[in-house]
Structure formats: structure tokens, C-alpha cells
$ cat final_1.txt   # compact mmCIF, C-alpha atoms
# COMPACT_ATOMS: atom_id res chain seq x y z
CA MET K 1 5.40 14.37 -25.93
CA SER K 2 6.22 11.96 -23.09
CA ASP K 3 4.64 8.52 -22.80
CA THR K 4 3.94 9.09 -19.11
CA PRO K 5 0.55 10.58 -18.15
CA THR K 6 -0.58 13.66 -16.30
CA TRP K 7 -3.04 13.50 -13.42
CA TYR K 8 -5.74 14.03 -16.06
CA ASP K 9 -4.51 11.04 -18.05
CA LEU K 10 -4.43 8.87 -14.94
CA LEU K 11 -8.07 9.69 -14.17
CA ASP K 12 -8.94 9.61 -17.88
CA VAL K 13 -10.58 13.04 -17.90
CA PRO K 14 -9.96 16.07 -20.15
CA ARG K 15 -8.18 19.11 -18.75
CA ASP K 16 -11.42 21.08 -18.72
CA ALA K 17 -13.31 18.39 -16.80
CA SER K 18 -15.63 19.69 -14.12
CA THR K 19 -15.14 18.89 -10.45
CA GLU K 20 -18.04 16.46 -10.62
CA GLU K 21 -16.56 14.72 -13.65
CA VAL K 22 -13.23 14.36 -11.88
CA ARG K 23 -14.92 12.97 -8.77
CA ASP K 24 -16.98 10.50 -10.78
CA ALA K 25 -13.94 9.34 -12.73
CA TRP K 26 -11.95 8.89 -9.53
CA LYS K 27 -14.68 6.82 -7.87
CA THR K 28 -15.06 4.67 -10.97
CA GLN K 29 -11.32 4.04 -11.26
CA ILE K 30 -10.84 2.98 -7.63
CA ALA K 31 -14.02 0.90 -7.38
CA ASP K 32 -12.33 -2.40 -8.23
CA LEU K 33 -8.85 -1.64 -6.89
CA GLU K 34 -7.24 -2.59 -3.64
CA PRO K 35 -7.04 0.61 -1.55
CA GLY K 36 -3.37 -0.05 -0.84
CA ASP K 37 -2.57 -0.82 -4.45
CA ARG K 38 0.05 1.53 -5.92
CA ARG K 39 -2.40 2.64 -8.61
CA PHE K 40 -5.08 3.23 -5.96
CA ASP K 41 -2.69 5.54 -4.13
CA SER K 42 -1.82 7.39 -7.33
CA LEU K 43 -5.48 7.87 -8.21
CA ASN K 44 -6.13 9.30 -4.76
CA ARG K 45 -3.24 11.73 -5.14
CA ALA K 46 -4.50 12.76 -8.57
CA ALA K 47 -8.00 13.36 -7.25
CA LYS K 48 -6.66 15.29 -4.26
CA VAL K 49 -5.00 17.76 -6.62
CA LEU K 50 -7.71 18.03 -9.25
CA LEU K 51 -10.57 18.35 -6.75
CA ASP K 52 -8.85 21.26 -5.02
CA PRO K 53 -9.32 24.40 -7.17
CA GLY K 54 -6.17 26.06 -5.86
CA ALA K 55 -4.00 22.97 -6.21
CA ARG K 56 -5.41 22.27 -9.66
CA ALA K 57 -4.74 25.79 -10.87
CA ALA K 58 -1.16 25.58 -9.59
CA TYR K 59 -0.70 22.19 -11.25
CA ASP K 60 -2.04 23.47 -14.57
CA ALA K 61 0.17 26.55 -14.42
CA GLU K 62 3.35 24.79 -13.40
CA HIS K 63 2.93 21.60 -15.43
CA PRO K 64 0.92 22.38 -18.58
CA ASP K 65 2.63 19.52 -20.40
CA GLU K 66 4.35 17.91 -17.43
CA PRO K 67 4.05 14.11 -17.32
CA LEU K 68 3.17 12.35 -14.13
CA VAL K 69 6.42 11.01 -12.78
CA GLY K 70 6.63 7.34 -11.86
CA GLU K 71 3.39 6.07 -13.35
CA GLY K 72 2.81 3.98 -16.46
CA ARG K 73 0.13 5.00 -18.96
CA GLN K 74 -1.72 1.70 -19.02
CA ALA K 75 -3.91 0.59 -16.16
CA GLY K 76 -1.98 -1.53 -13.71
CA ARG K 77 1.40 -0.71 -15.26
CA GLU K 78 3.99 0.08 -12.61
CA THR K 79 7.48 1.47 -12.60
CA LYS K 80 10.24 0.56 -10.20
CA ASP K 81 11.62 2.84 -7.51
CA PRO K 82 14.99 2.45 -5.81
CA GLU K 83 15.30 -0.30 -3.27
CA PRO K 84 15.66 1.10 0.28
CA GLY K 85 18.26 -1.44 1.36
CA LEU K 86 19.37 -5.04 1.37
CA VAL K 87 17.37 -7.66 3.21
CA THR K 88 18.76 -9.67 6.10
CA GLY K 89 17.61 -12.65 8.11
CA LEU K 90 15.07 -13.80 5.54
CA ARG K 91 13.07 -16.94 6.09
CA PRO K 92 12.14 -19.09 3.07
CA PRO K 93 9.25 -17.53 1.10
CA SER K 94 6.09 -19.38 0.22
CA THR K 95 5.38 -20.84 -3.23
CA THR K 96 1.59 -20.34 -3.04
CA ALA K 97 0.18 -18.94 -6.29
CA ARG K 98 -1.23 -15.44 -6.36
CA GLY K 99 -4.78 -14.90 -7.55
CA ARG K 100 -5.93 -11.95 -9.61
CA GLY K 101 -9.04 -9.91 -10.24
CA VAL K 102 -10.71 -9.79 -6.81
CA PRO K 103 -10.75 -6.40 -5.09
CA THR K 104 -9.02 -6.48 -1.68
CA TRP K 105 -7.51 -3.86 0.58
CA LEU K 106 -3.91 -3.07 1.25
CA LEU K 107 -2.66 0.13 2.84
CA ALA K 108 -0.32 2.39 0.93
CA GLY K 109 2.82 4.18 2.10
CA LEU K 110 5.03 6.87 0.69
CA GLY K 111 7.51 4.75 -1.30
CA VAL K 112 7.83 1.26 -2.82
CA VAL K 113 10.22 -1.67 -2.75
CA ALA K 114 11.27 -2.44 -6.31
CA ALA K 115 10.19 -6.05 -6.74
CA GLY K 116 12.93 -7.00 -9.16
CA LEU K 117 15.69 -5.55 -7.00
CA VAL K 118 14.32 -7.14 -3.87
CA ALA K 119 14.08 -10.52 -5.55
CA ALA K 120 17.77 -10.30 -6.39
CA THR K 121 18.84 -9.44 -2.84
CA VAL K 122 16.45 -11.06 -0.36
CA TRP K 123 18.95 -13.68 0.69
CA MET K 124 21.81 -11.22 1.24
CA TRP K 125 23.06 -9.87 4.57
CA THR K 126 24.04 -6.30 5.34
CA ALA K 127 25.31 -4.55 8.42
CA GLN K 128 22.98 -2.26 10.32
CA ASP K 129 23.34 1.40 9.43
CA ASP K 130 24.78 2.53 12.74
CA GLY K 131 25.81 -0.73 14.35
CA GLY K 132 22.59 -0.74 16.35
CA ASP K 133 21.39 -3.45 18.69
CA ASP K 134 20.59 -6.61 16.76
CA THR K 135 18.22 -7.69 19.52
CA ALA K 136 16.15 -4.54 19.04
CA ALA K 137 16.03 -5.12 15.28
CA ARG K 138 14.77 -8.66 15.80
CA ALA K 139 12.15 -7.38 18.22
CA ALA K 140 10.99 -4.95 15.54
CA GLN K 141 10.84 -7.82 13.04
CA VAL K 142 8.64 -9.86 15.37
CA ALA K 143 6.41 -6.83 15.97
CA ALA K 144 6.11 -6.26 12.21
CA GLU K 145 5.03 -9.86 11.64
CA ARG K 146 2.46 -9.54 14.39
CA ALA K 147 1.15 -6.16 13.20
CA VAL K 148 0.88 -6.86 9.47
CA VAL K 149 -1.87 -9.44 9.98
CA PRO K 150 -4.50 -7.17 11.62
CA VAL K 151 -3.45 -4.19 9.49
CA LEU K 152 -4.08 -6.07 6.23
CA SER K 153 -6.98 -8.25 7.38
CA TYR K 154 -10.62 -7.31 7.71
CA ASP K 155 -14.11 -8.76 7.64
CA HIS K 156 -16.95 -6.75 6.12
CA GLU K 157 -19.09 -7.70 9.13
CA THR K 158 -16.61 -6.55 11.81
CA LEU K 159 -14.98 -3.47 10.31
CA GLU K 160 -15.09 -1.31 13.42
CA ALA K 161 -13.40 -3.94 15.58
CA ASP K 162 -10.87 -4.68 12.84
CA GLN K 163 -9.99 -1.00 12.56
CA GLN K 164 -9.49 -0.62 16.30
CA GLU K 165 -7.26 -3.68 16.48
CA ALA K 166 -5.04 -2.34 13.70
CA GLN K 167 -4.93 1.20 15.11
CA ALA K 168 -3.46 -0.06 18.37
CA LEU K 169 -0.35 -1.20 16.48
CA MET K 170 0.38 2.12 14.71
CA THR K 171 2.03 5.42 15.46
CA GLY K 172 -0.25 8.44 15.57
CA SER K 173 0.98 9.82 12.25
CA TYR K 174 0.45 6.58 10.36
CA ARG K 175 -2.92 6.07 12.00
CA GLU K 176 -4.09 9.28 10.31
CA GLU K 177 -3.17 7.88 6.88
CA TYR K 178 -4.71 4.53 7.72
CA ASP K 179 -8.00 6.12 8.81
CA LYS K 180 -8.28 8.05 5.54
CA LEU K 181 -8.06 4.86 3.51
CA PHE K 182 -10.26 2.96 5.92
CA LYS K 183 -13.11 5.32 5.10
CA VAL K 184 -12.98 4.02 1.54
CA LEU K 185 -12.97 0.47 2.84
CA GLU K 186 -16.03 1.15 5.00
CA GLU K 187 -17.90 2.29 1.89
CA ASN K 188 -16.88 -0.61 -0.35
CA ALA K 189 -16.43 -3.73 1.79
CA PRO K 190 -20.05 -4.11 2.98
CA GLN K 191 -21.31 -3.80 -0.60
CA THR K 192 -18.85 -6.33 -1.98
CA GLU K 193 -19.02 -8.50 1.18
CA THR K 194 -15.24 -8.76 1.10
CA THR K 195 -13.20 -10.56 3.73
CA VAL K 196 -9.39 -10.72 3.77
CA THR K 197 -7.36 -12.92 6.10
CA ALA K 198 -3.65 -12.16 5.87
CA SER K 199 -0.96 -14.59 6.99
CA VAL K 200 2.81 -14.18 7.24
CA ILE K 201 4.94 -16.43 5.06
CA SER K 202 8.40 -14.99 5.69
CA SER K 203 10.14 -11.81 6.76
CA GLY K 204 13.53 -10.13 6.80
CA ILE K 205 15.17 -7.01 8.18
CA VAL K 206 15.77 -4.45 5.44
CA ARG K 207 17.46 -1.72 7.45
CA ALA K 208 17.94 -0.94 11.14
CA SER K 209 18.96 2.36 12.65
CA GLY K 210 18.35 3.26 16.26
CA ASP K 211 14.63 3.39 16.98
CA ARG K 212 13.59 2.80 13.37
CA VAL K 213 13.68 -0.53 11.54
CA GLN K 214 12.41 -1.48 8.08
CA VAL K 215 11.10 -5.01 7.76
CA LEU K 216 10.14 -6.82 4.56
CA VAL K 217 7.30 -9.28 5.10
CA PHE K 218 5.91 -11.72 2.55
CA VAL K 219 2.20 -12.30 3.08
CA ASP K 220 -0.58 -14.38 1.61
CA ARG K 221 -4.03 -12.78 1.57
CA PRO K 222 -6.85 -15.27 0.95
CA THR K 223 -9.78 -13.12 -0.15
CA THR K 224 -13.47 -13.78 -0.59
CA ASN K 225 -16.31 -11.55 -1.67
CA ARG K 226 -19.85 -11.68 -2.95
CA LEU K 227 -18.71 -12.87 -6.37
CA SER K 228 -16.09 -15.34 -5.16
CA ALA K 229 -16.96 -17.60 -2.26
CA GLU K 230 -13.81 -19.63 -2.85
CA PRO K 231 -10.75 -17.79 -1.51
CA VAL K 232 -8.45 -16.18 -4.04
CA VAL K 233 -4.92 -16.00 -2.65
CA TYR K 234 -2.91 -12.83 -3.26
CA LYS K 235 0.82 -12.83 -2.58
CA ASP K 236 2.51 -9.57 -1.66
CA GLN K 237 5.73 -8.24 -0.25
CA VAL K 238 5.13 -5.55 2.34
CA THR K 239 7.71 -3.15 3.70
CA LEU K 240 6.89 -1.93 7.18
CA SER K 241 8.74 0.94 8.83
CA MET K 242 8.67 0.16 12.52
CA GLN K 243 9.19 2.96 15.04
CA ARG K 244 10.01 2.37 18.70
CA VAL K 245 7.67 4.43 20.87
CA ASP K 246 7.92 4.15 24.66
CA GLY K 247 9.51 0.73 24.30
CA ASP K 248 6.94 -0.63 21.83
CA TRP K 249 7.56 -1.18 18.10
CA LEU K 250 4.71 0.38 16.12
CA VAL K 251 3.95 0.61 12.40
CA ASP K 252 4.94 4.06 11.12
CA ASP K 253 4.62 3.33 7.39
CA LEU K 254 3.53 0.44 5.20
CA VAL K 255 4.22 -0.09 1.52
CA THR K 256 3.17 -3.04 -0.63
CA SER K 257 3.92 -4.51 -4.01
CA PRO K 258 2.95 -7.87 -5.52
CA VAL K 259 5.42 -10.70 -5.42
CA GLN K 260 6.87 -11.15 -8.90
CA GLY K 261 7.12 -14.55 -10.56
$ encode --input "final_1.txt" --output "C-alpha cells"
Amino acid sequence: MSDTPTWYDLLDVPRDASTEEVRDAWKTQIADLEPGDRRFDSLNRAAKVLLDPGARAAYDAEHPDEPLVGEGRQAGRETKDPEPGLVTGLRPPSTTARGRGVPTWLLAGLGVVAAGLVAATVWMWTAQDDGGDDTAARAAQVAAERAVVPVLSYDHETLEADQQEAQALMTGSYREEYDKLFKVLEENAPQTETTVTASVISSGIVRASGDRVQVLVFVDRPTTNRLSAEPVVYKDQVTLSMQRVDGDWLVDDLVTSPVQG
């Protein structure tokens, strides 16, 4: 039997759990997580399958003993995925300590930057994939730095305005994903009175190809809530996939992982 869990293990419910039991377990598990946290994303994917009778039946039939790929059994345990590319043009990262234990919000994407691999390569240079325009890549980097702040920041008292500001910097497809997670934020942030103010510490171009550029941005996220009036600073590395649309660089995907060390 593998050490890695199934969707049932991740939600900590038995295989014969009712729909209501699955929903309750899902809500309980995500209550104190950052909505962009990798575990938050995994819990949402697990719930999406197990709350859909058809998808659940297919999962049970196809994977009766199949472990969940890419997730650790213990809460908060993460595995590393392949690094998408080497990082270029990096500015010196901050040394501010990262706090723990306060729920904040960070949007998830479809893949992750392996923290250990990134740490080993952030100062290295690599050629662009297709010899693309360096000026365009730098423009995308600037746009990523500008966009990551409103996308990751919010105030529980101004959620609607915060959402609209972030939406204006996204492609239509990513806006759909963002809006799904923002619904969770709208439910939780007013109750916890959470406010997050992101700031850019450094950034670097990961990969550039035509109208698509990946940018790695290091951010600090001072966070306050009802239980912590003094800001707790979270440090994260965020990979933004920037897409050029009608001459503007917009966020088409966003993936985060905590800065290691």
C-alpha cells in the first residue's frame, strides 16, 4: 500500500462518506488555509470529484487503491514538481522572515515551481526559448510586478473594489479561475477580518517565448486579521504566466510556493 493518499485520505473521510460529510470535511479543512495554498488547491480538486456523483463513481472504479499523485499524507506536506525553467535577470531577494499560522489568500495555478530547484538556479541566465524580443520580456516582467500586488492583496472591507482591480490585469480564462476562488475569500475574509498587503521584493524572467513570458516574483505579504492586529509577514515565490493580449501583458496563470530557508 502506497504512502500517498487518495482524495478520501486528503479530506479525511471514509470511502462511503455521504455527500454532506464530504462537504463538511472540505469546508473544515480549508477554513484556516490560504486559498492559493497548494493544499487548498488540492482539497478543492478532491471535493470537486467527490461531490460529483458521476466523477466520484468513475474515480472509485478506476482508482480503487490508487494513491493521489503529488500530495504528501501529512497536512502541509508538499512534494516538488519539475522546475519550468531557469531564472534570468533576478534582483536581490529580501531577507525578511516569514510568519506562520495566519490564514491569508493566495491564488493557485495549474503547476508549481519547485522551491529547492529554484533556489539553486535563481541567479543563472538562460537564453529565451525562441530568441524573442528581450524588450518584450522585460515589459512582461514589469507588468507581472505591477499585477501581482493587486492580485494577492485585499482588504476585508473593500473586497468588491479589490476584485475589480485585480480582474483588470487578467486574461479572461484566468479571471474565471480567480473568480471561483474569490467566492471563498468573500465568505471567509469578512468573518476573520483579514487584510493582506503584498509587496514585490524581487523578480526574474523564467522563460520567454513570443507572446508568453513566465516571471518569478518574490513577494512579502504582511497580513492582519481579527486574532492578529500586528502584521505577520509571509514570504512567497510566485510564478506568473504573462500573456500579451492586444499589446498588454496580462496574468494568464499564477502559482505560488513559500520561500524556503
$ atom_distance --input "final_1.txt" --atom1 "atom CA of Gln243 of chain K" --atom2 "atom CA of Thr171 of chain K"
7.6 Å
$ residues_around --input "final_1.txt" --residues "Ala198 of chain K" --least-positions-apart "2" --cutoff "6 Å" --atoms "all atoms listed in the file" --output "compact mmCIF listing (two decimals) with C-alpha atoms, in the coordinates of the input"
# COMPACT_ATOMS: atom_id res chain seq x y z
CA VAL K 149 -1.87 -9.44 9.98
CA SER K 153 -6.98 -8.25 7.38
CA ASP K 220 -0.58 -14.38 1.61
CA ARG K 221 -4.03 -12.78 1.57
$ closest_residue --input "final_1.txt" --among "K:Val233, K:Ala58, K:Val13, K:Val200" --to "Ala144 of chain K" --atoms "only C-alpha atoms"
K:Val200
$ closest_atom_pairs --input "final_1.txt" --of "segment 156-235 of chain K" --to "segment 15-36 of chain K" --cutoff "12 Å" --atoms "all atoms listed in the file" --output "tab-separated table"
residue	atom	partner	partner_atom	distance
K:Glu177	CA	K:Gly36	CA	11.1
K:Tyr178	CA	K:Gly36	CA	9.8
K:Asp179	CA	K:Pro35	CA	11.8
K:Lys180	CA	K:Pro35	CA	10.4
K:Leu181	CA	K:Pro35	CA	6.7
K:Phe182	CA	K:Pro35	CA	8.5
K:Lys183	CA	K:Pro35	CA	10.2
K:Val184	CA	K:Pro35	CA	7.5
K:Leu185	CA	K:Pro35	CA	7.4
K:Glu186	CA	K:Pro35	CA	11.1
K:Glu187	CA	K:Ala31	CA	10.1
K:Asn188	CA	K:Ala31	CA	7.7
K:Ala189	CA	K:Ala31	CA	10.6
K:Gln191	CA	K:Ala31	CA	11.0
K:Thr192	CA	K:Asp32	CA	9.8
K:Thr194	CA	K:Glu34	CA	11.2
K:Val196	CA	K:Glu34	CA	11.2
K:Arg221	CA	K:Glu34	CA	11.9
K:Thr223	CA	K:Glu34	CA	11.4
K:Asn225	CA	K:Asp32	CA	11.9
K:Tyr234	CA	K:Glu34	CA	11.1
$ write_last_selection --input "final_1.txt" --atoms "C-alpha atoms" --output "PDB file, keeping the file's coordinate frame"
ATOM      1  CA  GLU K 177      -3.170   7.880   6.880  1.00  0.00           C
ATOM      2  CA  TYR K 178      -4.710   4.530   7.720  1.00  0.00           C
ATOM      3  CA  ASP K 179      -8.000   6.120   8.810  1.00  0.00           C
ATOM      4  CA  LYS K 180      -8.280   8.050   5.540  1.00  0.00           C
ATOM      5  CA  LEU K 181      -8.060   4.860   3.510  1.00  0.00           C
ATOM      6  CA  PHE K 182     -10.260   2.960   5.920  1.00  0.00           C
ATOM      7  CA  LYS K 183     -13.110   5.320   5.100  1.00  0.00           C
ATOM      8  CA  VAL K 184     -12.980   4.020   1.540  1.00  0.00           C
ATOM      9  CA  LEU K 185     -12.970   0.470   2.840  1.00  0.00           C
ATOM     10  CA  GLU K 186     -16.030   1.150   5.000  1.00  0.00           C
ATOM     11  CA  GLU K 187     -17.900   2.290   1.890  1.00  0.00           C
ATOM     12  CA  ASN K 188     -16.880  -0.610  -0.350  1.00  0.00           C
ATOM     13  CA  ALA K 189     -16.430  -3.730   1.790  1.00  0.00           C
ATOM     14  CA  GLN K 191     -21.310  -3.800  -0.600  1.00  0.00           C
ATOM     15  CA  THR K 192     -18.850  -6.330  -1.980  1.00  0.00           C
ATOM     16  CA  THR K 194     -15.240  -8.760   1.100  1.00  0.00           C
ATOM     17  CA  VAL K 196      -9.390 -10.720   3.770  1.00  0.00           C
ATOM     18  CA  ARG K 221      -4.030 -12.780   1.570  1.00  0.00           C
ATOM     19  CA  THR K 223      -9.780 -13.120  -0.150  1.00  0.00           C
ATOM     20  CA  ASN K 225     -16.310 -11.550  -1.670  1.00  0.00           C
ATOM     21  CA  TYR K 234      -2.910 -12.830  -3.260  1.00  0.00           C
TER      22      TYR K 234
END
$ closest_residue --input "final_1.txt" --among "K:Gln163, K:Ser228, K:Thr197, K:Thr135" --to "Asp211 of chain K" --atoms "only C-alpha atoms"
K:Thr135
$ atom_distance --input "final_1.txt" --atom1 "atom CA of Leu216 of chain K" --atom2 "atom CA of Val151 of chain K"
14.7 Å
$ closest_residue --input "final_1.txt" --among "K:Leu250, K:Val213, K:Leu11, K:Val148" --to "Ala136 of chain K" --atoms "only C-alpha atoms"
K:Val213
$ closest_residue --input "final_1.txt" --among "K:Lys235, K:Arg45, K:Arg175, K:His156" --to "Val251 of chain K" --atoms "all atoms listed in the file"
K:Arg175
$ closest_residue --input "final_1.txt" --among "K:Glu193, K:Arg226, K:Pro150, K:Val217" --to "Asp162 of chain K" --atoms "only C-alpha atoms"
K:Pro150
$ atom_distance --input "final_1.txt" --atom1 "atom CA of Thr195 of chain K" --atom2 "atom CA of Ala47 of chain K"
26.8 Å
$ closest_residue --input "final_1.txt" --among "K:Tyr59, K:Trp7, K:Phe218, K:Tyr154" --to "Arg39 of chain K" --atoms "all atoms listed in the file"
K:Trp7
$ build_atoms --input "final_1.txt" --residues "segment 12-29 of chain K" --atoms "N, CA, C and O atoms" --output "short mmCIF file (atom, residue, chain, number, x, y, z; two decimals), keeping the file's coordinate frame"
data_model
loop_
_atom_site.label_atom_id
_atom_site.label_comp_id
_atom_site.auth_asym_id
_atom_site.auth_seq_id
_atom_site.Cartn_x
_atom_site.Cartn_y
_atom_site.Cartn_z
N ASP K 12 -8.26 9.71 -16.60
CA ASP K 12 -8.94 9.61 -17.88
C ASP K 12 -10.03 10.67 -18.02
O ASP K 12 -11.17 10.37 -18.38
N VAL K 13 -9.66 11.91 -17.74
CA VAL K 13 -10.58 13.04 -17.90
C VAL K 13 -9.86 14.13 -18.69
O VAL K 13 -8.63 14.24 -18.64
N PRO K 14 -10.59 14.97 -19.43
CA PRO K 14 -9.96 16.07 -20.15
C PRO K 14 -9.53 17.16 -19.17
O PRO K 14 -10.01 17.22 -18.03
N ARG K 15 -8.67 18.05 -19.63
CA ARG K 15 -8.18 19.11 -18.75
C ARG K 15 -9.27 20.08 -18.32
O ARG K 15 -9.15 20.74 -17.29
N ASP K 16 -10.34 20.17 -19.10
CA ASP K 16 -11.42 21.08 -18.72
C ASP K 16 -12.55 20.36 -18.00
O ASP K 16 -13.66 20.88 -17.88
N ALA K 17 -12.27 19.16 -17.50
CA ALA K 17 -13.31 18.39 -16.80
C ALA K 17 -13.78 19.14 -15.56
O ALA K 17 -13.00 19.79 -14.86
N SER K 18 -15.07 19.05 -15.30
CA SER K 18 -15.63 19.69 -14.12
C SER K 18 -15.24 18.92 -12.87
O SER K 18 -14.78 17.77 -12.93
N THR K 19 -15.44 19.55 -11.73
CA THR K 19 -15.14 18.89 -10.45
C THR K 19 -15.94 17.60 -10.31
O THR K 19 -15.43 16.57 -9.85
N GLU K 20 -17.19 17.64 -10.72
CA GLU K 20 -18.04 16.46 -10.62
C GLU K 20 -17.54 15.35 -11.54
O GLU K 20 -17.56 14.16 -11.18
N GLU K 21 -17.09 15.72 -12.72
CA GLU K 21 -16.56 14.72 -13.65
C GLU K 21 -15.29 14.08 -13.11
O GLU K 21 -15.08 12.87 -13.24
N VAL K 22 -14.45 14.89 -12.49
CA VAL K 22 -13.23 14.36 -11.88
C VAL K 22 -13.59 13.40 -10.74
O VAL K 22 -13.03 12.31 -10.63
N ARG K 23 -14.52 13.82 -9.90
CA ARG K 23 -14.92 12.97 -8.77
C ARG K 23 -15.52 11.65 -9.24
O ARG K 23 -15.21 10.58 -8.71
N ASP K 24 -16.36 11.72 -10.26
CA ASP K 24 -16.98 10.50 -10.78
C ASP K 24 -15.94 9.56 -11.38
O ASP K 24 -15.99 8.34 -11.20
N ALA K 25 -14.99 10.16 -12.11
CA ALA K 25 -13.94 9.34 -12.73
C ALA K 25 -13.08 8.68 -11.66
O ALA K 25 -12.70 7.50 -11.77
N TRP K 26 -12.76 9.43 -10.63
CA TRP K 26 -11.95 8.89 -9.53
C TRP K 26 -12.66 7.72 -8.85
O TRP K 26 -12.06 6.66 -8.65
N LYS K 27 -13.93 7.89 -8.53
CA LYS K 27 -14.68 6.82 -7.87
C LYS K 27 -14.78 5.57 -8.76
O LYS K 27 -14.69 4.44 -8.28
N THR K 28 -14.97 5.80 -10.05
CA THR K 28 -15.06 4.67 -10.97
C THR K 28 -13.74 3.92 -11.06
O THR K 28 -13.71 2.69 -11.05
N GLN K 29 -12.64 4.66 -11.11
CA GLN K 29 -11.32 4.04 -11.26
C GLN K 29 -10.91 3.23 -10.04
O GLN K 29 -10.25 2.20 -10.16
#
